[in-house]
>>> print(open('input02.txt').read())   # compact mmCIF, C-alpha atoms
# COMPACT_ATOMS: atom_id res chain seq x y z
CA MET A 1 0.00 0.00 0.00
CA THR A 2 1.41 3.40 -0.92
CA PHE A 3 1.82 6.31 1.44
CA ASN A 4 -1.00 8.22 -0.32
CA ALA A 5 -3.43 5.27 -0.01
CA THR A 6 -2.55 4.89 3.67
CA LEU A 7 -3.04 8.62 4.19
CA LEU A 8 -6.41 8.51 2.41
CA ILE A 9 -7.59 5.56 4.53
CA ALA A 10 -6.41 7.29 7.72
CA PHE A 11 -8.20 10.51 6.71
CA ALA A 12 -11.42 8.64 5.88
CA ALA A 13 -11.29 6.75 9.21
CA ALA A 14 -10.71 9.99 11.12
CA ALA A 15 -13.58 11.71 9.31
CA PHE A 16 -15.89 8.76 9.97
CA ALA A 17 -14.88 8.63 13.66
CA THR A 18 -15.76 12.31 14.13
CA LEU A 19 -19.35 11.88 12.87
CA PRO A 20 -20.71 10.94 16.34
CA MET A 21 -18.74 13.83 17.84
CA GLN A 22 -20.13 16.24 15.24
CA GLU A 23 -23.64 14.96 15.98
CA ALA A 24 -23.05 15.41 19.71
CA ALA A 25 -21.58 18.89 19.21
CA ALA A 26 -24.68 19.95 17.28
CA ALA A 27 -27.01 18.21 19.73
CA ASP A 28 -28.95 19.57 22.68
CA TRP A 29 -26.51 19.98 25.60
CA SER A 30 -29.07 21.42 28.01
CA ILE A 31 -29.33 19.90 31.48
CA LYS A 32 -31.93 17.11 31.39
CA GLU A 33 -31.65 15.91 35.00
CA VAL A 34 -30.11 16.95 38.32
CA ARG A 35 -29.42 14.42 41.06
CA ALA A 36 -28.68 15.65 44.56
CA GLY A 37 -28.15 13.44 47.56
CA VAL A 38 -25.75 12.06 50.09
CA THR A 39 -23.43 9.06 50.12
CA GLY A 40 -21.24 7.40 52.70
CA SER A 41 -18.12 5.25 52.62
CA ILE A 42 -18.63 1.50 52.38
CA GLN A 43 -14.95 0.61 52.69
CA ALA A 44 -13.21 -1.63 55.23
CA ARG A 45 -11.88 -0.29 58.55
CA SER A 46 -8.46 1.03 57.53
CA THR A 47 -9.73 2.58 54.29
CA PHE A 48 -13.10 3.80 55.65
CA GLU A 49 -13.81 7.50 55.18
CA PRO A 50 -15.77 9.10 58.03
CA GLY A 51 -18.49 11.66 57.45
CA PHE A 52 -20.96 12.08 54.65
CA PHE A 53 -20.50 13.10 51.04
CA PRO A 54 -23.13 15.49 49.64
CA THR A 55 -23.20 14.73 45.93
CA VAL A 56 -24.65 16.62 42.96
CA ALA A 57 -24.61 15.39 39.36
CA LEU A 58 -25.89 16.96 36.14
CA TYR A 59 -27.11 14.75 33.30
CA PHE A 60 -27.13 15.70 29.62
CA ASP A 61 -28.60 13.81 26.65
CA PRO A 62 -26.77 15.04 23.52
CA LEU A 63 -27.27 11.73 21.68
CA ASP A 64 -31.01 11.61 22.48
CA GLN A 65 -31.07 8.44 24.57
CA ALA A 66 -34.52 9.52 25.76
CA ASN A 67 -35.89 8.57 22.32
CA ALA A 68 -33.98 5.29 21.91
CA VAL A 69 -36.35 2.52 20.85
CA THR A 70 -34.33 -0.68 21.26
CA TRP A 71 -31.77 -1.75 23.84
CA GLN A 72 -29.13 -1.62 21.10
CA ASP A 73 -30.11 1.97 20.37
CA THR A 74 -29.84 2.76 24.09
CA ILE A 75 -26.29 1.38 24.21
CA LEU A 76 -25.27 3.52 21.22
CA ARG A 77 -26.73 6.67 22.80
CA PRO A 78 -25.20 7.11 26.25
CA ARG A 79 -26.04 10.14 28.32
CA VAL A 80 -23.28 12.35 29.71
CA HIS A 81 -22.96 13.19 33.40
CA ALA A 82 -20.74 15.51 35.45
CA GLY A 83 -20.76 16.14 39.15
CA LEU A 84 -19.02 16.49 42.46
CA SER A 85 -18.93 14.74 45.80
CA VAL A 86 -17.76 16.79 48.80
CA SER A 87 -16.42 15.24 52.00
CA THR A 88 -17.82 16.66 55.26
CA ALA A 89 -14.88 15.23 57.23
CA GLY A 90 -11.83 16.37 55.26
CA GLU A 91 -11.51 13.15 53.30
CA ALA A 92 -11.36 12.81 49.49
CA SER A 93 -13.73 15.10 47.61
CA GLN A 94 -14.20 14.32 43.92
CA VAL A 95 -15.10 16.00 40.64
CA PHE A 96 -16.27 13.42 38.10
CA ALA A 97 -17.65 13.01 34.58
CA GLY A 98 -18.54 10.17 32.28
CA LEU A 99 -21.10 8.32 30.22
CA ASN A 100 -24.15 6.48 31.51
CA TRP A 101 -26.83 4.16 30.23
CA THR A 102 -30.35 3.97 31.66
CA VAL A 103 -32.51 0.88 31.11
CA ASN A 104 -36.18 0.91 32.02
CA VAL A 105 -37.22 -2.26 33.84
CA THR A 106 -40.84 -1.10 34.21
CA ASP A 107 -42.61 2.20 33.62
CA ARG A 108 -41.46 3.40 37.04
CA PHE A 109 -38.32 1.38 37.89
CA TYR A 110 -34.99 1.68 36.05
CA VAL A 111 -31.33 0.73 36.32
CA ASP A 112 -28.56 3.19 35.49
CA LEU A 113 -24.90 2.28 34.86
CA GLY A 114 -22.08 4.75 34.36
CA PHE A 115 -18.36 4.85 33.65
CA GLY A 116 -15.91 7.74 33.46
CA GLY A 117 -13.17 9.49 35.35
CA THR A 118 -12.66 11.46 38.53
CA ALA A 119 -10.16 13.83 40.09
CA HIS A 120 -9.85 13.94 43.88
CA ASN A 121 -8.02 15.74 46.66
CA GLY A 122 -7.48 12.63 48.83
CA ASP A 123 -4.36 11.00 50.21
CA ASN A 124 -2.15 9.53 47.48
CA GLU A 125 0.66 8.28 49.76
CA ASP A 126 0.76 5.30 52.11
CA ASP A 127 1.75 7.35 55.15
CA GLY A 128 0.33 5.07 57.88
CA SER A 129 -2.79 7.18 58.47
CA ASN A 130 -6.33 5.86 58.18
CA GLY A 131 -8.39 6.33 55.05
CA PRO A 132 -7.88 5.18 51.50
CA LYS A 133 -4.46 5.61 49.89
CA LEU A 134 -5.21 6.43 46.28
CA GLY A 135 -1.85 6.55 44.48
CA CYS A 136 -2.72 9.23 41.92
CA THR A 137 -5.17 12.10 41.60
CA LEU A 138 -6.87 11.00 38.37
CA MET A 139 -8.83 7.75 38.57
CA PHE A 140 -11.53 5.74 36.83
CA ARG A 141 -15.05 5.92 38.27
CA GLU A 142 -17.99 3.61 37.73
CA TYR A 143 -21.40 3.49 39.32
CA ALA A 144 -24.62 1.51 39.38
CA ALA A 145 -27.96 2.95 40.41
CA ALA A 146 -31.56 1.86 40.73
CA GLY A 147 -34.23 4.51 40.41
CA PHE A 148 -37.94 4.72 41.10
CA ARG A 149 -40.06 7.39 39.41
CA LEU A 150 -42.19 9.10 42.05
CA THR A 151 -43.70 11.52 39.49
CA ASP A 152 -42.97 12.52 35.89
CA LYS A 153 -40.32 14.93 37.19
CA LEU A 154 -39.05 13.42 40.46
CA ASP A 155 -37.23 10.12 41.13
CA ILE A 156 -35.57 8.56 44.15
CA VAL A 157 -32.26 6.88 43.29
CA ALA A 158 -30.10 4.44 45.28
CA SER A 159 -26.53 4.26 44.04
CA ILE A 160 -23.16 2.67 44.62
CA ASP A 161 -19.94 4.03 43.11
CA HIS A 162 -16.30 3.04 43.04
CA SER A 163 -13.23 5.01 41.99
CA SER A 164 -9.86 3.38 41.41
CA ASN A 165 -6.63 3.95 39.52
CA ALA A 166 -6.79 0.36 38.14
CA ASP A 167 -3.32 -0.29 39.60
CA LEU A 168 -1.76 2.30 37.32
CA CYS A 169 -0.38 3.95 40.48
CA ALA A 170 0.53 2.56 43.89
CA PRO A 171 -1.12 2.32 46.32
CA ASN A 172 -4.65 1.67 45.06
CA ASP A 173 -7.19 1.41 47.90
CA GLY A 174 -9.87 3.09 45.82
CA ILE A 175 -12.95 4.94 47.03
CA SER A 176 -16.35 3.27 47.40
CA HIS A 177 -19.62 4.98 48.39
CA ALA A 178 -23.31 4.14 48.55
CA GLY A 179 -26.21 6.51 49.04
CA LEU A 180 -29.55 8.01 48.10
CA SER A 181 -30.46 10.98 45.97
CA LEU A 182 -33.44 12.76 44.50
CA ALA A 183 -33.44 13.23 40.75
CA TYR A 184 -35.30 16.12 39.14
CA LYS A 185 -35.95 15.93 35.40
CA PHE A 186 -36.39 19.03 33.25
>>> encode(input="input02.txt", output="structure tokens")
Amino acid sequence: MTFNATLLIAFAAAAFATLPMQEAAAADWSIKEVRAGVTGSIQARSTFEPGFFPTVALYFDPLDQANAVTWQDTILRPRVHAGLSVSTAGEASQVFAGLNWTVNVTDRFYVDLGFGGTAHNGDNEDDGSNGPKLGCTLMFREYAAAGFRLTDKLDIVASIDHSSNADLCAPNDGISHAGLSLAYKF
């Protein structure tokens, strides 16, 4: 294959790969949902974080997951979320963002799964103190949630989340929380 043919294939692949991004850039980036609640640490003794973690997350739907018809369509149209979790006891606070997928189980009950990244201000070094030792400031974050629609606009959501550096840094105790939130849909 010649250099020009390789360059043409690379250009075509790059142009094709940017189509979803162009669609998302032209899409509706308005806030579709706000979740506000509180979580707590669910870690073992030495890595347990005391206090509570007020958490707020904003949800956007630039790929129009709300109008997905099939489960395959839902997978191809993730929503986008961004939020923060603030420690009330001086432990690791986080700013996070990622993609999430919501699957309706019934008209009122749904499951929500998300994956993305987080930045925190927690303890990265194994210095002998209590609390999780996180190794590096940037980590992966995933969550699972179950929601129940109270009204057309208001849901109650139970969630569990975990943040970890996937052993890219040492140490890697991770951060794990569980909690409840109210979700308001616009």
>>> closest_atom_pairs(input="input02.txt", of="segment 84-169 of chain A", to="segment 45-66 of chain A", cutoff="12 Å", atoms="all atoms listed in the file", output="tab-separated table")
residue	atom	partner	partner_atom	distance
A:Leu84	CA	A:Val56	CA	5.7
A:Ser85	CA	A:Thr55	CA	4.3
A:Val86	CA	A:Phe53	CA	5.1
A:Ser87	CA	A:Phe53	CA	4.7
A:Thr88	CA	A:Gly51	CA	5.5
A:Ala89	CA	A:Gly51	CA	5.1
A:Gly90	CA	A:Gly51	CA	8.4
A:Glu91	CA	A:Glu49	CA	6.4
A:Ala92	CA	A:Glu49	CA	8.2
A:Ser93	CA	A:Phe53	CA	7.8
A:Gln94	CA	A:Thr55	CA	9.2
A:Val95	CA	A:Ala57	CA	9.6
A:Phe96	CA	A:Ala57	CA	8.7
A:Ala97	CA	A:Ala57	CA	8.8
A:Gly98	CA	A:Tyr59	CA	9.8
A:Leu99	CA	A:Tyr59	CA	9.3
A:Asn100	CA	A:Tyr59	CA	9.0
A:Trp101	CA	A:Gln65	CA	8.3
A:Thr102	CA	A:Gln65	CA	8.4
A:Val103	CA	A:Gln65	CA	10.1
A:Asn104	CA	A:Ala66	CA	10.8
A:Asp112	CA	A:Tyr59	CA	11.9
A:Gly114	CA	A:Tyr59	CA	11.2
A:Gly122	CA	A:Glu49	CA	10.3
A:Asp123	CA	A:Thr47	CA	10.8
A:Asp126	CA	A:Thr47	CA	11.1
A:Gly128	CA	A:Ser46	CA	9.7
A:Ser129	CA	A:Ser46	CA	8.4
A:Asn130	CA	A:Ser46	CA	5.3
A:Gly131	CA	A:Thr47	CA	4.1
A:Pro132	CA	A:Thr47	CA	4.2
A:Lys133	CA	A:Thr47	CA	7.5
A:Leu134	CA	A:Thr47	CA	10.0
A:Ser159	CA	A:Thr55	CA	11.1
A:Asp161	CA	A:Thr55	CA	11.5
>>> atom_distance(input="input02.txt", atom1="atom CA of Tyr184 of chain A", atom2="atom CA of Val111 of chain A")
16.1 Å
>>> atom_distance(input="input02.txt", atom1="atom CA of Val105 of chain A", atom2="atom CA of Ala146 of chain A")
9.8 Å
>>> atom_distance(input="input02.txt", atom1="atom CA of Arg141 of chain A", atom2="atom CA of Asn124 of chain A")
16.3 Å
>>> closest_residue(input="input02.txt", among="A:Pro171, A:Arg35, A:Ser176, A:Asp127", to="Tyr143 of chain A", atoms="all atoms listed in the file")
A:Ser176
>>> closest_residue(input="input02.txt", among="A:Cys169, A:Val80, A:Ala44, A:Leu182", to="Ile31 of chain A", atoms="all atoms listed in the file")
A:Val80
>>> closest_residue(input="input02.txt", among="A:Thr39, A:Ile175, A:Thr106, A:His81", to="Asn121 of chain A", atoms="all atoms listed in the file")
A:Ile175
